[in-house]
$ cat data39.pdb   # PDB, C-alpha atoms
ATOM      1  CA  SER A  11      61.997  47.085  92.016  1.00  0.00           C
ATOM      2  CA  GLN A  12      62.028  44.930  95.127  1.00  0.00           C
ATOM      3  CA  GLN A  13      63.798  46.312  98.153  1.00  0.00           C
ATOM      4  CA  GLY A  14      64.325  43.098 100.085  1.00  0.00           C
ATOM      5  CA  GLU A  15      66.620  40.391  98.833  1.00  0.00           C
ATOM      6  CA  GLU A  16      66.339  36.954 100.381  1.00  0.00           C
ATOM      7  CA  ASP A  17      69.143  34.466 100.626  1.00  0.00           C
ATOM      8  CA  PRO A  18      69.227  31.629  99.764  1.00  0.00           C
ATOM      9  CA  GLN A  19      66.765  31.557  96.871  1.00  0.00           C
ATOM     10  CA  ALA A  20      65.995  27.923  97.647  1.00  0.00           C
ATOM     11  CA  LEU A  21      66.673  25.668 100.620  1.00  0.00           C
ATOM     12  CA  SER A  22      66.127  21.927 101.017  1.00  0.00           C
ATOM     13  CA  ILE A  23      66.462  20.311 104.436  1.00  0.00           C
ATOM     14  CA  GLN A  24      65.390  17.204 106.334  1.00  0.00           C
ATOM     15  CA  GLU A  25      62.506  17.257 108.784  1.00  0.00           C
ATOM     16  CA  GLY A  26      63.778  18.126 112.246  1.00  0.00           C
ATOM     17  CA  GLU A  27      66.603  20.343 111.028  1.00  0.00           C
ATOM     18  CA  ASN A  28      66.670  24.101 111.446  1.00  0.00           C
ATOM     19  CA  ALA A  29      66.149  26.426 108.494  1.00  0.00           C
ATOM     20  CA  THR A  30      67.724  29.868 108.307  1.00  0.00           C
ATOM     21  CA  MET A  31      66.761  32.475 105.735  1.00  0.00           C
ATOM     22  CA  ASN A  32      68.319  35.888 105.366  1.00  0.00           C
ATOM     23  CA  CYS A  33      67.002  39.167 104.038  1.00  0.00           C
ATOM     24  CA  SER A  34      68.833  42.360 103.116  1.00  0.00           C
ATOM     25  CA  TYR A  35      67.278  45.718 102.322  1.00  0.00           C
ATOM     26  CA  LYS A  36      68.449  49.097 101.119  1.00  0.00           C
ATOM     27  CA  THR A  37      66.723  52.026 102.832  1.00  0.00           C
ATOM     28  CA  SER A  38      65.745  53.046 106.368  1.00  0.00           C
ATOM     29  CA  ILE A  39      62.699  51.197 107.576  1.00  0.00           C
ATOM     30  CA  ASN A  40      59.985  51.456 110.192  1.00  0.00           C
ATOM     31  CA  ASN A  41      59.625  47.709 110.580  1.00  0.00           C
ATOM     32  CA  LEU A  42      60.305  44.414 108.845  1.00  0.00           C
ATOM     33  CA  GLN A  43      57.895  41.545 108.455  1.00  0.00           C
ATOM     34  CA  TRP A  44      58.152  37.941 107.370  1.00  0.00           C
ATOM     35  CA  TYR A  45      55.381  36.243 105.416  1.00  0.00           C
ATOM     36  CA  ARG A  46      54.796  32.707 104.226  1.00  0.00           C
ATOM     37  CA  GLN A  47      53.122  31.660 100.995  1.00  0.00           C
ATOM     38  CA  ASN A  48      51.872  28.240  99.967  1.00  0.00           C
ATOM     39  CA  SER A  49      51.229  27.352  96.333  1.00  0.00           C
ATOM     40  CA  GLY A  50      51.676  30.882  95.017  1.00  0.00           C
ATOM     41  CA  ARG A  51      48.449  32.317  96.393  1.00  0.00           C
ATOM     42  CA  GLY A  52      47.603  34.115  99.666  1.00  0.00           C
ATOM     43  CA  LEU A  53      50.351  35.201 102.019  1.00  0.00           C
ATOM     44  CA  VAL A  54      50.210  34.586 105.743  1.00  0.00           C
ATOM     45  CA  HIS A  55      51.849  36.965 108.172  1.00  0.00           C
ATOM     46  CA  LEU A  56      54.398  35.302 110.463  1.00  0.00           C
ATOM     47  CA  ILE A  57      56.084  37.973 112.527  1.00  0.00           C
ATOM     48  CA  LEU A  58      56.765  41.720 112.638  1.00  0.00           C
ATOM     49  CA  ILE A  59      59.895  43.256 114.120  1.00  0.00           C
ATOM     50  CA  ARG A  60      60.179  46.989 114.635  1.00  0.00           C
ATOM     51  CA  SER A  61      63.275  48.959 113.738  1.00  0.00           C
ATOM     52  CA  ASN A  62      64.158  49.457 117.426  1.00  0.00           C
ATOM     53  CA  GLU A  63      63.988  45.730 118.176  1.00  0.00           C
ATOM     54  CA  ARG A  64      66.848  43.296 117.644  1.00  0.00           C
ATOM     55  CA  GLU A  65      65.242  39.905 118.156  1.00  0.00           C
ATOM     56  CA  LYS A  66      61.769  38.446 118.352  1.00  0.00           C
ATOM     57  CA  HIS A  67      60.368  34.949 118.931  1.00  0.00           C
ATOM     58  CA  SER A  68      57.085  33.322 118.012  1.00  0.00           C
ATOM     59  CA  GLY A  69      56.753  29.601 118.608  1.00  0.00           C
ATOM     60  CA  ARG A  70      59.401  27.872 116.461  1.00  0.00           C
ATOM     61  CA  LEU A  71      60.261  31.138 114.729  1.00  0.00           C
ATOM     62  CA  ARG A  72      63.106  33.454 115.670  1.00  0.00           C
ATOM     63  CA  VAL A  73      63.706  36.702 113.816  1.00  0.00           C
ATOM     64  CA  THR A  74      66.695  38.991 114.183  1.00  0.00           C
ATOM     65  CA  LEU A  75      67.145  42.493 112.808  1.00  0.00           C
ATOM     66  CA  ASP A  76      70.415  44.360 112.348  1.00  0.00           C
ATOM     67  CA  THR A  77      69.621  47.877 111.140  1.00  0.00           C
ATOM     68  CA  SER A  78      73.309  48.786 110.886  1.00  0.00           C
ATOM     69  CA  LYS A  79      73.762  46.033 108.297  1.00  0.00           C
ATOM     70  CA  LYS A  80      70.252  46.440 106.904  1.00  0.00           C
ATOM     71  CA  SER A  81      69.623  42.733 107.287  1.00  0.00           C
ATOM     72  CA  SER A  82      67.298  40.291 108.986  1.00  0.00           C
ATOM     73  CA  SER A  83      67.204  36.549 109.477  1.00  0.00           C
ATOM     74  CA  LEU A  84      64.363  34.090 110.008  1.00  0.00           C
ATOM     75  CA  LEU A  85      65.130  30.856 111.837  1.00  0.00           C
ATOM     76  CA  ILE A  86      62.642  27.999 111.851  1.00  0.00           C
ATOM     77  CA  THR A  87      63.610  25.397 114.423  1.00  0.00           C
ATOM     78  CA  ALA A  88      62.743  21.692 114.290  1.00  0.00           C
ATOM     79  CA  SER A  89      61.283  22.020 110.800  1.00  0.00           C
ATOM     80  CA  ARG A  90      58.327  19.954 109.636  1.00  0.00           C
ATOM     81  CA  ALA A  91      57.211  18.884 106.184  1.00  0.00           C
ATOM     82  CA  ALA A  92      54.296  21.297 106.585  1.00  0.00           C
ATOM     83  CA  ASP A  93      56.782  24.197 106.729  1.00  0.00           C
ATOM     84  CA  THR A  94      57.425  23.684 103.011  1.00  0.00           C
ATOM     85  CA  ALA A  95      56.529  27.037 101.444  1.00  0.00           C
ATOM     86  CA  SER A  96      57.988  30.271 100.142  1.00  0.00           C
ATOM     87  CA  TYR A  97      59.086  32.809 102.736  1.00  0.00           C
ATOM     88  CA  PHE A  98      59.243  36.542 102.061  1.00  0.00           C
ATOM     89  CA  CYS A  99      60.604  39.459 104.003  1.00  0.00           C
ATOM     90  CA  ALA A 100      58.790  42.760 103.611  1.00  0.00           C
ATOM     91  CA  THR A 101      59.845  46.224 104.708  1.00  0.00           C
ATOM     92  CA  ASP A 102      57.859  49.352 105.439  1.00  0.00           C
ATOM     93  CA  GLU A 103      59.933  52.290 104.294  1.00  0.00           C
ATOM     94  CA  ARG A 104      60.378  55.107 106.773  1.00  0.00           C
ATOM     95  CA  GLY A 105      58.230  58.034 105.729  1.00  0.00           C
ATOM     96  CA  GLY A 106      56.337  55.958 103.176  1.00  0.00           C
ATOM     97  CA  PHE A 107      53.204  53.914 102.968  1.00  0.00           C
ATOM     98  CA  LYS A 108      54.104  50.911 100.926  1.00  0.00           C
ATOM     99  CA  THR A 109      55.343  47.515 102.032  1.00  0.00           C
ATOM    100  CA  ILE A 110      58.038  46.174  99.724  1.00  0.00           C
ATOM    101  CA  PHE A 111      58.596  42.445  99.348  1.00  0.00           C
ATOM    102  CA  GLY A 112      61.703  40.545  98.381  1.00  0.00           C
ATOM    103  CA  ALA A 113      61.834  37.704  95.866  1.00  0.00           C
ATOM    104  CA  GLY A 114      61.533  35.036  98.572  1.00  0.00           C
ATOM    105  CA  THR A 115      63.231  31.862  99.737  1.00  0.00           C
ATOM    106  CA  ARG A 116      61.666  28.587  98.662  1.00  0.00           C
ATOM    107  CA  LEU A 117      61.950  26.122 101.529  1.00  0.00           C
ATOM    108  CA  PHE A 118      61.460  22.399 101.001  1.00  0.00           C
ATOM    109  CA  VAL A 119      61.370  20.172 104.064  1.00  0.00           C
ATOM    110  CA  LYS A 120      61.751  16.494 103.310  1.00  0.00           C
ATOM    111  CA  ALA A 121      59.894  14.039 105.546  1.00  0.00           C
TER     112      ALA A 121
ATOM    113  CA  GLY B  30      33.631  38.533 106.321  1.00  0.00           C
ATOM    114  CA  ALA B  31      36.200  36.480 108.121  1.00  0.00           C
ATOM    115  CA  GLY B  32      39.001  37.350 105.742  1.00  0.00           C
ATOM    116  CA  VAL B  33      39.922  39.300 102.645  1.00  0.00           C
ATOM    117  CA  SER B  34      37.894  38.109  99.696  1.00  0.00           C
ATOM    118  CA  GLN B  35      38.962  38.526  96.077  1.00  0.00           C
ATOM    119  CA  THR B  36      36.819  37.824  93.042  1.00  0.00           C
ATOM    120  CA  PRO B  37      37.078  36.260  90.615  1.00  0.00           C
ATOM    121  CA  SER B  38      39.685  33.711  91.676  1.00  0.00           C
ATOM    122  CA  ASN B  39      40.641  33.199  88.048  1.00  0.00           C
ATOM    123  CA  LYS B  40      40.102  35.381  85.008  1.00  0.00           C
ATOM    124  CA  VAL B  41      41.040  34.637  81.409  1.00  0.00           C
ATOM    125  CA  THR B  42      40.683  37.513  78.994  1.00  0.00           C
ATOM    126  CA  GLU B  43      41.714  38.343  75.476  1.00  0.00           C
ATOM    127  CA  LYS B  44      44.432  40.843  74.717  1.00  0.00           C
ATOM    128  CA  GLY B  45      42.985  44.332  74.460  1.00  0.00           C
ATOM    129  CA  LYS B  46      39.987  43.694  76.700  1.00  0.00           C
ATOM    130  CA  TYR B  47      39.063  45.525  79.896  1.00  0.00           C
ATOM    131  CA  VAL B  48      39.010  43.703  83.252  1.00  0.00           C
ATOM    132  CA  GLU B  49      37.937  44.522  86.781  1.00  0.00           C
ATOM    133  CA  LEU B  50      39.248  42.717  89.845  1.00  0.00           C
ATOM    134  CA  ARG B  51      37.401  43.072  93.132  1.00  0.00           C
ATOM    135  CA  CYS B  52      38.654  43.059  96.704  1.00  0.00           C
ATOM    136  CA  ASP B  53      36.481  42.886  99.835  1.00  0.00           C
ATOM    137  CA  PRO B  54      38.697  43.738 102.801  1.00  0.00           C
ATOM    138  CA  ILE B  55      38.171  42.723 106.403  1.00  0.00           C
ATOM    139  CA  SER B  56      35.424  44.855 107.912  1.00  0.00           C
ATOM    140  CA  GLY B  57      36.781  47.917 109.658  1.00  0.00           C
ATOM    141  CA  HIS B  58      40.204  47.819 108.024  1.00  0.00           C
ATOM    142  CA  THR B  59      41.081  51.279 106.797  1.00  0.00           C
ATOM    143  CA  ALA B  60      44.221  50.364 104.874  1.00  0.00           C
ATOM    144  CA  LEU B  61      44.022  48.414 101.601  1.00  0.00           C
ATOM    145  CA  TYR B  62      46.833  47.345  99.308  1.00  0.00           C
ATOM    146  CA  TRP B  63      47.041  45.893  95.814  1.00  0.00           C
ATOM    147  CA  TYR B  64      50.029  43.821  94.741  1.00  0.00           C
ATOM    148  CA  ARG B  65      50.930  41.925  91.588  1.00  0.00           C
ATOM    149  CA  GLN B  66      52.937  38.718  91.685  1.00  0.00           C
ATOM    150  CA  SER B  67      54.572  36.968  88.751  1.00  0.00           C
ATOM    151  CA  LEU B  68      55.707  33.372  88.896  1.00  0.00           C
ATOM    152  CA  GLY B  69      58.786  32.932  91.064  1.00  0.00           C
ATOM    153  CA  GLN B  70      58.784  36.540  92.237  1.00  0.00           C
ATOM    154  CA  GLY B  71      57.706  38.367  95.343  1.00  0.00           C
ATOM    155  CA  PRO B  72      54.599  40.555  95.414  1.00  0.00           C
ATOM    156  CA  GLU B  73      55.123  43.879  93.637  1.00  0.00           C
ATOM    157  CA  PHE B  74      53.438  46.901  95.213  1.00  0.00           C
ATOM    158  CA  LEU B  75      50.835  48.621  93.058  1.00  0.00           C
ATOM    159  CA  ILE B  76      48.736  50.971  95.199  1.00  0.00           C
ATOM    160  CA  TYR B  77      47.815  51.739  98.811  1.00  0.00           C
ATOM    161  CA  PHE B  78      44.525  53.199 100.038  1.00  0.00           C
ATOM    162  CA  GLN B  79      43.927  54.804 103.393  1.00  0.00           C
ATOM    163  CA  GLY B  80      40.155  55.092 103.585  1.00  0.00           C
ATOM    164  CA  THR B  81      38.796  56.240 100.251  1.00  0.00           C
ATOM    165  CA  GLY B  82      41.919  57.949  99.008  1.00  0.00           C
ATOM    166  CA  ALA B  83      44.935  56.495  97.254  1.00  0.00           C
ATOM    167  CA  ALA B  84      47.788  57.476  99.565  1.00  0.00           C
ATOM    168  CA  ASP B  85      50.419  55.976  97.283  1.00  0.00           C
ATOM    169  CA  ASP B  86      49.840  54.836  93.698  1.00  0.00           C
ATOM    170  CA  SER B  87      53.478  54.915  92.675  1.00  0.00           C
ATOM    171  CA  GLY B  88      53.477  51.193  91.871  1.00  0.00           C
ATOM    172  CA  LEU B  89      50.883  51.323  89.111  1.00  0.00           C
ATOM    173  CA  PRO B  90      52.902  50.422  85.995  1.00  0.00           C
ATOM    174  CA  ASN B  91      51.133  52.764  83.560  1.00  0.00           C
ATOM    175  CA  ASP B  92      47.889  54.614  82.923  1.00  0.00           C
ATOM    176  CA  ARG B  93      46.102  51.434  81.843  1.00  0.00           C
ATOM    177  CA  PHE B  94      45.893  50.530  85.522  1.00  0.00           C
ATOM    178  CA  PHE B  95      43.489  52.296  87.862  1.00  0.00           C
ATOM    179  CA  ALA B  96      42.021  51.449  91.252  1.00  0.00           C
ATOM    180  CA  VAL B  97      39.149  52.870  93.268  1.00  0.00           C
ATOM    181  CA  ARG B  98      37.756  52.499  96.753  1.00  0.00           C
ATOM    182  CA  PRO B  99      34.748  54.837  96.703  1.00  0.00           C
ATOM    183  CA  GLU B 100      33.274  54.063 100.111  1.00  0.00           C
ATOM    184  CA  GLY B 101      36.427  53.117 101.953  1.00  0.00           C
ATOM    185  CA  SER B 102      35.643  49.411 101.904  1.00  0.00           C
ATOM    186  CA  VAL B 103      35.479  47.394  98.653  1.00  0.00           C
ATOM    187  CA  SER B 104      38.147  48.187  96.092  1.00  0.00           C
ATOM    188  CA  THR B 105      38.258  47.515  92.373  1.00  0.00           C
ATOM    189  CA  LEU B 106      41.428  47.287  90.298  1.00  0.00           C
ATOM    190  CA  LYS B 107      40.731  48.148  86.682  1.00  0.00           C
ATOM    191  CA  ILE B 108      42.979  47.275  83.770  1.00  0.00           C
ATOM    192  CA  GLN B 109      42.291  48.699  80.319  1.00  0.00           C
ATOM    193  CA  ARG B 110      43.549  47.319  77.003  1.00  0.00           C
ATOM    194  CA  THR B 111      45.070  44.279  78.678  1.00  0.00           C
ATOM    195  CA  GLU B 112      48.397  42.966  77.423  1.00  0.00           C
ATOM    196  CA  ARG B 113      49.897  39.487  77.753  1.00  0.00           C
ATOM    197  CA  GLY B 114      52.476  40.944  80.141  1.00  0.00           C
ATOM    198  CA  ASP B 115      49.671  41.797  82.570  1.00  0.00           C
ATOM    199  CA  SER B 116      49.231  38.085  83.274  1.00  0.00           C
ATOM    200  CA  ALA B 117      49.972  37.525  86.961  1.00  0.00           C
ATOM    201  CA  VAL B 118      48.315  36.892  90.309  1.00  0.00           C
ATOM    202  CA  TYR B 119      46.820  40.097  91.689  1.00  0.00           C
ATOM    203  CA  LEU B 120      46.798  40.147  95.483  1.00  0.00           C
ATOM    204  CA  CYS B 121      44.815  42.390  97.772  1.00  0.00           C
ATOM    205  CA  ALA B 122      45.575  42.943 101.445  1.00  0.00           C
ATOM    206  CA  SER B 123      43.994  44.970 104.219  1.00  0.00           C
ATOM    207  CA  SER B 124      45.064  46.095 107.655  1.00  0.00           C
ATOM    208  CA  PRO B 125      43.632  48.136 110.519  1.00  0.00           C
ATOM    209  CA  GLY B 126      46.193  50.808 109.728  1.00  0.00           C
ATOM    210  CA  GLY B 127      49.318  51.819 111.595  1.00  0.00           C
ATOM    211  CA  VAL B 128      52.227  49.506 112.215  1.00  0.00           C
ATOM    212  CA  THR B 129      50.591  46.138 111.951  1.00  0.00           C
ATOM    213  CA  GLU B 130      50.343  43.035 109.819  1.00  0.00           C
ATOM    214  CA  ALA B 131      48.458  42.928 106.554  1.00  0.00           C
ATOM    215  CA  PHE B 132      45.908  40.218 105.813  1.00  0.00           C
ATOM    216  CA  PHE B 133      46.001  38.905 102.275  1.00  0.00           C
ATOM    217  CA  GLY B 134      43.304  37.486 100.066  1.00  0.00           C
ATOM    218  CA  GLN B 135      43.858  34.402  97.915  1.00  0.00           C
ATOM    219  CA  GLY B 136      44.415  36.510  94.842  1.00  0.00           C
ATOM    220  CA  THR B 137      43.001  36.667  91.338  1.00  0.00           C
ATOM    221  CA  ARG B 138      44.978  34.830  88.688  1.00  0.00           C
ATOM    222  CA  LEU B 139      44.708  36.908  85.519  1.00  0.00           C
ATOM    223  CA  THR B 140      45.659  35.321  82.227  1.00  0.00           C
ATOM    224  CA  VAL B 141      45.697  37.427  79.085  1.00  0.00           C
ATOM    225  CA  VAL B 142      45.666  35.358  75.903  1.00  0.00           C
TER     226      VAL B 142
END

$ encode --input "data39.pdb" --output "structure tokens"
Amino acid sequence: SQQGEEDPQALSIQEGENATMNCSYKTSINNLQWYRQNSGRGLVHLILIRSNEREKHSGRLRVTLDTSKKSSSLLITASRAADTASYFCATDERGGFKTIFGAGTRLFVKA
Amino acid sequence: GAGVSQTPSNKVTEKGKYVELRCDPISGHTALYWYRQSLGQGPEFLIYFQGTGAADDSGLPNDRFFAVRPEGSVSTLKIQRTERGDSAVYLCASSPGGVTEAFFGQGTRLTVV
């Protein structure tokens, strides 16, 4: 079963607005990653945040991690139509090898 | 190559047949992962290789599924006696190992009819 659970399942916004997606997980982790997927094929890595980090930025992306609440958020600022995609959080379990993905948030940015 | 390559990109097979899906990881990447993704779902972990050995195969759904990586580079996912429920996109990813991002291929869309 998936460990990460994204919220909301789907999000529709206007170009220029900010998009916030949340992820919750269940077990202790080494790190958490966010990926993007267009058209149901290859995933593209966006950002990795380690368990001892609380916030990380990359361009228009801002990721937060709260290990006490076992949750993370991904903020995309000033969204563009090209940001339309599915976004997944993925966790690397502490002491394990596998990366577990959530079910994803489908973001639609209207031009 | 420049990225992770998966072949074929699409495969249609009849129920009960045997299929092989191939993954060419990025050169030098020691870690290799196989995932399966159904429509509207996130990727589901199948198996992880570190070098030639399967470090974690706990995601393989049953003994019809098997994967190899004999020389620590190319990997093949093998599915015996395919069932319609095996239809999905099979994704391969590789990484240099350690705490780092994984690079995904474009996947193989398997359809069992």

$ closest_residue --input "data39.pdb" --among "B:Gly57, B:Arg138, B:Ser116, B:Phe74" --to "Gly88 of chain B" --atoms "all atoms listed in the file"
B:Phe74

$ residues_around --input "data39.pdb" --residues "Arg51 of chain A" --least-positions-apart "2" --cutoff "7 Å" --atoms "all atoms listed in the file" --output "mmCIF file with C-alpha atoms, in the coordinates of the input"
data_model
loop_
_atom_site.group_PDB
_atom_site.id
_atom_site.type_symbol
_atom_site.label_atom_id
_atom_site.label_comp_id
_atom_site.auth_asym_id
_atom_site.auth_seq_id
_atom_site.Cartn_x
_atom_site.Cartn_y
_atom_site.Cartn_z
ATOM 1 C CA GLN A 47 53.122 31.660 100.995
ATOM 2 C CA ASN A 48 51.872 28.240 99.967
ATOM 3 C CA SER A 49 51.229 27.352 96.333
ATOM 4 C CA LEU A 53 50.351 35.201 102.019
ATOM 5 C CA GLN B 135 43.858 34.402 97.915
ATOM 6 C CA GLY B 136 44.415 36.510 94.842
#

$ resolve_selection --input "data39.pdb" --expression "the ChimeraX specification (/B :<7) & /A" --output "number ranges by chain"
A: 51-55, 107-108, 110-114

$ atom_distance --input "data39.pdb" --atom1 "atom CA of Ala88 of chain A" --atom2 "atom CA of Ala29 of chain A"
8.2 Å

$ axis_aligned_box --input "data39.pdb" --around "segment 86-104 of chain B" --padding-each-side "3 Å" --output "JSON"
{"center_x": 43.4, "center_y": 51.2, "center_z": 91.9, "size_x": 26.2, "size_y": 13.5, "size_z": 26.1}

$ decode --input "data39.pdb" --residues "segment 36-98 of chain A" --atoms "C-alpha atoms" --output "mmCIF file, in the first residue's frame"
data_model
loop_
_atom_site.group_PDB
_atom_site.id
_atom_site.type_symbol
_atom_site.label_atom_id
_atom_site.label_comp_id
_atom_site.auth_asym_id
_atom_site.auth_seq_id
_atom_site.Cartn_x
_atom_site.Cartn_y
_atom_site.Cartn_z
ATOM 1 C CA LYS A 36 2.998 7.077 8.334
ATOM 2 C CA THR A 37 6.470 5.885 9.339
ATOM 3 C CA SER A 38 9.852 7.430 10.163
ATOM 4 C CA ILE A 39 11.681 8.548 7.070
ATOM 5 C CA ASN A 40 15.171 9.407 5.905
ATOM 6 C CA ASN A 41 13.990 11.975 3.389
ATOM 7 C CA LEU A 42 10.976 13.071 1.379
ATOM 8 C CA GLN A 43 10.911 13.908 -2.293
ATOM 9 C CA TRP A 44 8.446 15.532 -4.642
ATOM 10 C CA TYR A 45 8.084 14.407 -8.245
ATOM 11 C CA ARG A 46 6.090 15.659 -11.198
ATOM 12 C CA GLN A 47 4.505 13.546 -13.911
ATOM 13 C CA ASN A 48 3.072 14.637 -17.239
ATOM 14 C CA SER A 49 0.666 12.450 -19.197
ATOM 15 C CA GLY A 50 1.085 9.392 -16.990
ATOM 16 C CA ARG A 51 4.585 8.468 -18.113
ATOM 17 C CA GLY A 52 8.056 9.368 -16.771
ATOM 18 C CA LEU A 53 8.426 11.160 -13.467
ATOM 19 C CA VAL A 54 10.703 14.138 -13.005
ATOM 20 C CA HIS A 55 12.367 14.821 -9.686
ATOM 21 C CA LEU A 56 11.601 18.273 -8.269
ATOM 22 C CA ILE A 57 13.124 18.524 -4.826
ATOM 23 C CA LEU A 58 14.440 16.405 -1.946
ATOM 24 C CA ILE A 59 14.201 17.410 1.699
ATOM 25 C CA ARG A 60 16.018 15.464 4.381
ATOM 26 C CA SER A 61 14.419 14.503 7.666
ATOM 27 C CA ASN A 62 16.543 17.051 9.569
ATOM 28 C CA GLU A 63 15.495 19.920 7.298
ATOM 29 C CA ARG A 64 12.334 21.969 7.740
ATOM 30 C CA GLU A 65 12.149 24.021 4.562
ATOM 31 C CA LYS A 66 13.740 24.045 1.141
ATOM 32 C CA HIS A 67 13.427 26.274 -1.935
ATOM 33 C CA SER A 68 14.091 25.678 -5.606
ATOM 34 C CA GLY A 69 13.042 28.385 -8.032
ATOM 35 C CA ARG A 70 9.253 28.779 -7.716
ATOM 36 C CA LEU A 71 9.029 25.723 -5.477
ATOM 37 C CA ARG A 72 8.950 25.760 -1.692
ATOM 38 C CA VAL A 73 8.795 22.550 0.314
ATOM 39 C CA THR A 74 8.236 22.243 4.042
ATOM 40 C CA LEU A 75 8.601 19.163 6.218
ATOM 41 C CA ASP A 76 7.139 18.629 9.678
ATOM 42 C CA THR A 77 8.375 15.281 10.991
ATOM 43 C CA SER A 78 6.372 15.633 14.210
ATOM 44 C CA LYS A 79 3.170 15.709 12.155
ATOM 45 C CA LYS A 80 4.556 13.406 9.472
ATOM 46 C CA SER A 81 3.554 15.864 6.782
ATOM 47 C CA SER A 82 5.008 17.926 3.974
ATOM 48 C CA SER A 83 3.737 20.645 1.683
ATOM 49 C CA LEU A 84 4.725 21.739 -1.814
ATOM 50 C CA LEU A 85 4.040 25.334 -2.812
ATOM 51 C CA ILE A 86 4.296 26.426 -6.430
ATOM 52 C CA THR A 87 4.260 30.200 -6.693
ATOM 53 C CA ALA A 88 3.062 32.222 -9.689
ATOM 54 C CA SER A 89 1.784 29.109 -11.449
ATOM 55 C CA ARG A 90 1.894 28.721 -15.217
ATOM 56 C CA ALA A 91 -0.186 26.635 -17.592
ATOM 57 C CA ALA A 92 2.913 24.490 -18.120
ATOM 58 C CA ASP A 93 2.781 23.482 -14.435
ATOM 59 C CA THR A 94 -0.294 21.383 -15.234
ATOM 60 C CA ALA A 95 0.694 17.858 -14.190
ATOM 61 C CA SER A 96 0.378 15.305 -11.421
ATOM 62 C CA TYR A 97 2.548 15.838 -8.358
ATOM 63 C CA PHE A 98 3.656 13.015 -6.073
#
